[in-house]
Amino acid sequence: MNLFKRSAKQNQRRQKAPPAFIPWRFGVICGCVVLALLALIGRAAYIQVLEPGKLIQEGDMRSLRVKAMPSARGIISDRNDEQLAVSVPVQAVWADPVQIYKNGGIVQRERWYALADVLGIDRDGLLERLEKNKKRRFIYLQRQVSPAMATYVSRLKLPGVGLKDESRRFYPSGEVSAHLIGVTGIDSHGLEGVERTYDGWLTGEPGRRTVRKDRYGRVVENISLKKREPGQPLSLSIDQRLQAVAYRAVKQAVADYQATSATVIMADVRTGEILAMVNAPSYNPNNREQLQSFRMRNRSITDAMEPGSTIKPFIVLAAMENGVADENTIIDTGNGLMQVGGSRVRDVSRVGKADLTKILQKSSNIGVSKLSLAMPIDAVLGMYSSVGLGDASGINLIGEAQGFFPDRRRWSDFERATLSFGYGISVTPIQLVRAYATLGAMGVNRPLSILKTEDVVPGRQVVSADNTRKLLNMMETVTHKGGSAVRAAVPGYRVGAKTGTAVKAAAGGYSDEYIAMTAGLAPISDPRLAMVVVVNEPQGDKYYGGAIAAPIFSEVMESALQILNIPPDAGTREELNIVNRRDKADAGT
C-alpha cells in the first residue's frame with residue numbers, strides 16, 4: 001500500500017509544466033525573420049533597380065535577335081552616265097554546326113555531297129570543317145553565291161544550313177577600266193582604284209531590325225527598325241568610249257611589240273578632267289582568279305620614268321620666259337657632237353645652225369643642252385615644277401607616286417645638260433599629261449580630276465600665254481614633214497606632239513631596255529585634248545617613240561576628236577592623207 005502511494009506521487013512529479021511565453025526568444029526569432037525578409041527585399045531591389053543590366057543581358061541573349069539589312073554600294077558611272085560598277089544581290093551560305101549535330105548530324109551524306117558540289121568545295125573538306133567546328137553556332141560555307149546556286153541550296157533542306165542576303169560588285173566594262181575603277185573585297189570594301197579611294201562615299205549605312213523571339217524561333221515582338229541608307233553614286237570624268245578606243249590600242253601595242261606594258265592617258269585641257277586612263281596588260285575584276293599584283297597596278301600613276309625628249313618643249317619655254325632666247329634665236333649645234341666636261345652629248349642627226357623651232361622639230365639634244373646651260377639651274381627646275389612635274393596630279397587616287405626630283409647643292413655641266421633632254425629626273429605619266437595640259441591651257445596650271453566637274457577648277461598662270469602660243473606653233477612642226485613625230489599627225493587636225501625614247505635605269509647605270517613615249521595636244525588652234533602614250537620595254541629593232549608610241553597617239557587622238565565632235569582645223573582629209581603617206585616614209589625618231 002505504501003509502495004503504491006509512493007509510485008503515484010513520483011508520476012505526479014514527472015508531469016510537464018505548462019508552456020511559458022519567453023519574450024526575448026520571440027523577439028530574436030522575429031528579428032531573424034525580418035532581417036531575412038529585408039535581405040531578400042534588398043537583394044531583389046539591388047538586382048531589379050540598381051544593377052538590372054546583367055539579367056537583362058542574359059535574357060536578351062536568349063530572346064533578342066538582330067537581323068542586318070545590307071545596303072547597296074553606290075553606282076560608279078562615267079561622264080555620260082554609263083555604269084562602270086554596280087552592286088548585284090547575291091547570298092551567302094552559312095551553317096550552324098550545333099543545330100546540324102542536334103538534328104542527327106551528317107547522316108544523309110549524298111545531300112551534303114550535293115551541297116559541296118554546288119558550292120565548288122571539296123566534299124571531305126566540307127564534312128571535316130563541320131566536324132572541327134561542331135560547337136560553333138555560325139560559320140560561312142560560301143560567300144556571294146549566285147541566285148541559282150542559292151535556290152538549289154534551299155531545296156536541299158539541310159538542317160542547320162541557311163542563306164544570308166548580301167551584295168556583290170559587278171563591273172560591266174571589265175578589263176577596259178579595271179585599273180581606274182579598281183575592285184572590292186569579299187566584304188564589299190574597296191581594295192584598289194576609285195573603289196578604295198572613295199570607299200567611304202560609296203559605302204552605305206546598313207539597316208538593322210531588332211526583334212524578340214520565343215524558344216521556337218517565332219517573332220513575338222518588334223523592338224526597333226533602322227532603315228538602311230544606300231551608298232552615294234559617283235560620276236567619273238572619263239568617257240567610256242574613249243577608254244575602249246585607248247585600251248584596244250595599248251592592248252594591240254603590247255601584243256605587236258611584245259612590250260612589258262603600255263599606257264595611255266588623255267585629259268581635257270580646259271577643265272583638267274581625265275577622259276581616258278588605260279593600261280595593258282589588264283585584268284578582269286569580275287574574275288578573282290586574275291587578281292595578280294602585276295596586272296592590278298595602275299601604271300599611269302605608280303610607275304615613274306625618265307621622260308626623255310618629251311621634256312624638251314619645257315626647256316625651250318623656260319628659255320623664252322627667262323629671256324635667254326626667242327623664236328628667232330639661232331643655235332649652232334655643230335656636227336652633232338658636243339663635249340661637256342668629261343662626257344659627250346650627241347644628236348641622232350646633224351642639225352647645224354637652227355632656230356628654236358628646228359631644235360624641237362629635229363629633237364636636238366645639243367640645242368636644248370645649250371639652252372639649259374645658258375640658264376640658272378633654278379630656272380630649269382622651276383619650270384618643271386611650275387607645270388606640275390614632281391607634284392601630286394590632283395586626282396587623289398591611292399598609290400600615286402611622286403617621281404624623283406634631284407635636290408643638289410652643286411650641279412655639273414653635264415648633269416644640267418642631261419636634265420634638258422629628260423635624264424636625271426623621273427615623272428609619272430599622269431604628271432607628264434598634266435604638264436602638257438598646262439601648255440594646252442595657255443600656261444594655266446590646274447589640278448587634274450578623275451571626277452566629273454560641274455565647274456572648271458580655277459588654275460594658276462605659271463607661264464605667259466604669249467610664249468606658250470609660240471611654243472605650241474613650234475610643236476606643230478614636229479608632226480610635219482621632217483619632224484620626229486610625223487607619225488603622230490591626225491588627218492584634218494593641227495597636232496602638236498613630242499616623242500621621246502629613254503633608256504631604262506638599272507642598278508649602277510642603265511640597262512638595254514627602252515621606254516618609247518609620245519606626248520602632245522590637239523587641235524593646236526584651240527587645244528582641247530592632251531595625251532601621253534608610253535610603251536614600256538618594246539622588243540625588236542623598233543623602240544623609238546616616233547616609231548612605236550606616235551602611231552598609237554595618232555590612232556587614239558583621231559578617234560577621240562571624232563567621238564567628241566571637235567571640228568577639224570587643218571586641210572581636208574584627202575590632202576592630209578596624201579601628205580601623210582609621203583611623210584611616213586621619211587619618219588625619223
# chains A, B, ... in the order shown; residues from 1 in each chain; ligands from 1
call {"tool": "residues_around", "arguments": {"residues": "Leu521 of chain A", "least_positions_apart": "4", "cutoff": "8 Å", "atoms": "only C-alpha atoms", "output": "JSON, numbers by chain"}}
result
{"A": [436, 437, 440, 495, 496, 497, 527, 528, 529, 530, 531]}
call {"tool": "write_last_selection", "arguments": {"atoms": "N, CA, C and O atoms", "output": "short mmCIF file (atom, residue, chain, number, x, y, z; two decimals), in the first residue's frame"}}
result
data_model
loop_
_atom_site.label_atom_id
_atom_site.label_comp_id
_atom_site.auth_asym_id
_atom_site.auth_seq_id
_atom_site.Cartn_x
_atom_site.Cartn_y
_atom_site.Cartn_z
N TYR A 436 51.59 68.82 -120.08
CA TYR A 436 51.14 69.16 -121.43
C TYR A 436 49.77 69.83 -121.41
O TYR A 436 49.48 70.67 -122.27
N ALA A 437 48.92 69.45 -120.46
CA ALA A 437 47.63 70.14 -120.33
C ALA A 437 47.83 71.60 -119.95
O ALA A 437 47.05 72.47 -120.37
N GLY A 440 48.46 73.34 -123.12
CA GLY A 440 47.21 73.49 -123.86
C GLY A 440 46.30 74.55 -123.30
O GLY A 440 45.50 75.16 -124.03
N VAL A 495 48.09 69.21 -135.03
CA VAL A 495 48.52 68.47 -133.84
C VAL A 495 49.94 68.88 -133.48
O VAL A 495 50.81 68.98 -134.34
N GLY A 496 50.16 69.12 -132.19
CA GLY A 496 51.50 69.36 -131.69
C GLY A 496 51.91 68.23 -130.77
O GLY A 496 51.16 67.87 -129.86
N ALA A 497 53.06 67.64 -131.01
CA ALA A 497 53.48 66.49 -130.22
C ALA A 497 54.99 66.45 -130.11
O ALA A 497 55.70 67.12 -130.86
N PRO A 527 43.54 74.26 -128.33
CA PRO A 527 43.78 72.95 -127.70
C PRO A 527 42.63 72.49 -126.82
O PRO A 527 42.13 73.24 -125.98
N ARG A 528 42.23 71.24 -127.03
CA ARG A 528 41.17 70.64 -126.23
C ARG A 528 41.66 69.40 -125.48
O ARG A 528 41.23 69.15 -124.36
N LEU A 529 42.52 68.62 -126.12
CA LEU A 529 42.93 67.35 -125.54
C LEU A 529 44.45 67.28 -125.39
O LEU A 529 45.19 67.67 -126.31
N ALA A 530 44.89 66.79 -124.24
CA ALA A 530 46.30 66.48 -124.00
C ALA A 530 46.40 64.98 -123.79
O ALA A 530 45.57 64.39 -123.10
N MET A 531 47.43 64.37 -124.37
CA MET A 531 47.53 62.92 -124.28
C MET A 531 48.99 62.49 -124.18
O MET A 531 49.87 63.11 -124.77
#
call {"tool": "select_by_dssp", "arguments": {"residues": "segment 412-472 of chain A", "states": "helix (DSSP H, G or I)", "output": "VMD selection string"}}
result
chain A and resid 413 to 420 429 to 440 465 to 472
call {"tool": "residues_around", "arguments": {"residues": "Ala148 of chain A", "least_positions_apart": "4", "cutoff": "12 Å", "atoms": "only C-alpha atoms", "output": "list in words"}}
result
Pro89, Val90, Gln91, Val118, Leu119, Gln144, Tyr152, Val153, Ser154 and Arg155 of chain A
call {"tool": "select_by_dssp", "arguments": {"residues": "segment 71-103 of chain A", "states": "strand (DSSP E or B)", "output": "list in words"}}
result
Ile76, Ser77, Gln83, Leu84, Ala85, Val86, Ser87, Val88, Pro89, Val90, Gln91, Ala92, Val93, Trp94 and Ala95 of chain A
call {"tool": "residues_around", "arguments": {"residues": "Asp165 of chain A", "least_positions_apart": "2", "cutoff": "12 Å", "atoms": "only C-alpha atoms", "output": "compact mmCIF listing (two decimals) with C-alpha atoms, in the first residue's frame"}}
result
# COMPACT_ATOMS: atom_id res chain seq x y z
CA LYS A 67 18.93 40.99 -88.45
CA ALA A 68 21.27 43.06 -90.61
CA MET A 69 19.88 44.55 -93.80
CA PRO A 70 22.86 45.26 -96.06
CA SER A 71 22.73 48.40 -98.17
CA ALA A 72 23.72 48.63 -101.81
CA VAL A 88 24.01 42.91 -107.64
CA PRO A 89 22.12 40.91 -104.98
CA VAL A 90 23.68 37.58 -104.02
CA GLN A 91 23.55 35.35 -100.98
CA ALA A 92 25.92 33.71 -98.54
CA VAL A 93 25.57 30.09 -97.42
CA TRP A 94 26.12 29.58 -93.71
CA ARG A 143 30.13 33.85 -99.83
CA GLN A 144 28.49 35.65 -102.73
CA VAL A 145 26.79 32.71 -104.43
CA SER A 146 24.51 33.26 -107.40
CA PRO A 147 20.69 33.18 -107.03
CA ALA A 150 21.13 29.71 -103.53
CA GLY A 162 20.79 28.76 -94.19
CA LEU A 163 21.14 31.69 -96.59
CA SER A 167 25.67 42.02 -102.49
CA ARG A 168 28.47 41.59 -104.99
CA PRO A 206 23.34 49.05 -93.42
call {"tool": "closest_atom_pairs", "arguments": {"of": "segment 400-456 of chain A", "to": "segment 532-537 of chain A", "cutoff": "8 Å", "atoms": "only C-alpha atoms", "output": "Markdown table"}}
result
| residue | atom | partner | partner_atom | distance |
| --- | --- | --- | --- | --- |
| A:Pro429 | CA | A:Val532 | CA | 6.7 |
| A:Leu432 | CA | A:Val532 | CA | 7.2 |
| A:Val433 | CA | A:Val532 | CA | 5.7 |
call {"tool": "write_last_selection", "arguments": {"atoms": "N, CA, C and O atoms", "output": "short mmCIF file (atom, residue, chain, number, x, y, z; two decimals), in the first residue's frame"}}
result
data_model
loop_
_atom_site.label_atom_id
_atom_site.label_comp_id
_atom_site.auth_asym_id
_atom_site.auth_seq_id
_atom_site.Cartn_x
_atom_site.Cartn_y
_atom_site.Cartn_z
N PRO A 429 53.43 59.09 -115.82
CA PRO A 429 52.64 59.51 -116.99
C PRO A 429 51.56 60.53 -116.65
O PRO A 429 51.29 61.43 -117.45
N LEU A 432 53.13 63.92 -116.47
CA LEU A 432 53.50 64.41 -117.80
C LEU A 432 52.29 64.93 -118.55
O LEU A 432 52.37 65.97 -119.23
N VAL A 433 51.16 64.25 -118.43
CA VAL A 433 49.96 64.73 -119.12
C VAL A 433 49.46 66.03 -118.49
O VAL A 433 48.92 66.90 -119.18
#
call {"tool": "closest_residue", "arguments": {"among": "A:Met296, A:Val351, A:Leu127, A:Leu564", "to": "Gly482 of chain A", "atoms": "only C-alpha atoms"}}
result
A:Val351
call {"tool": "closest_residue", "arguments": {"among": "A:Asp78, A:Glu110, A:Glu131, A:Asp124", "to": "Asp96 of chain A", "atoms": "only C-alpha atoms"}}
result
A:Glu131
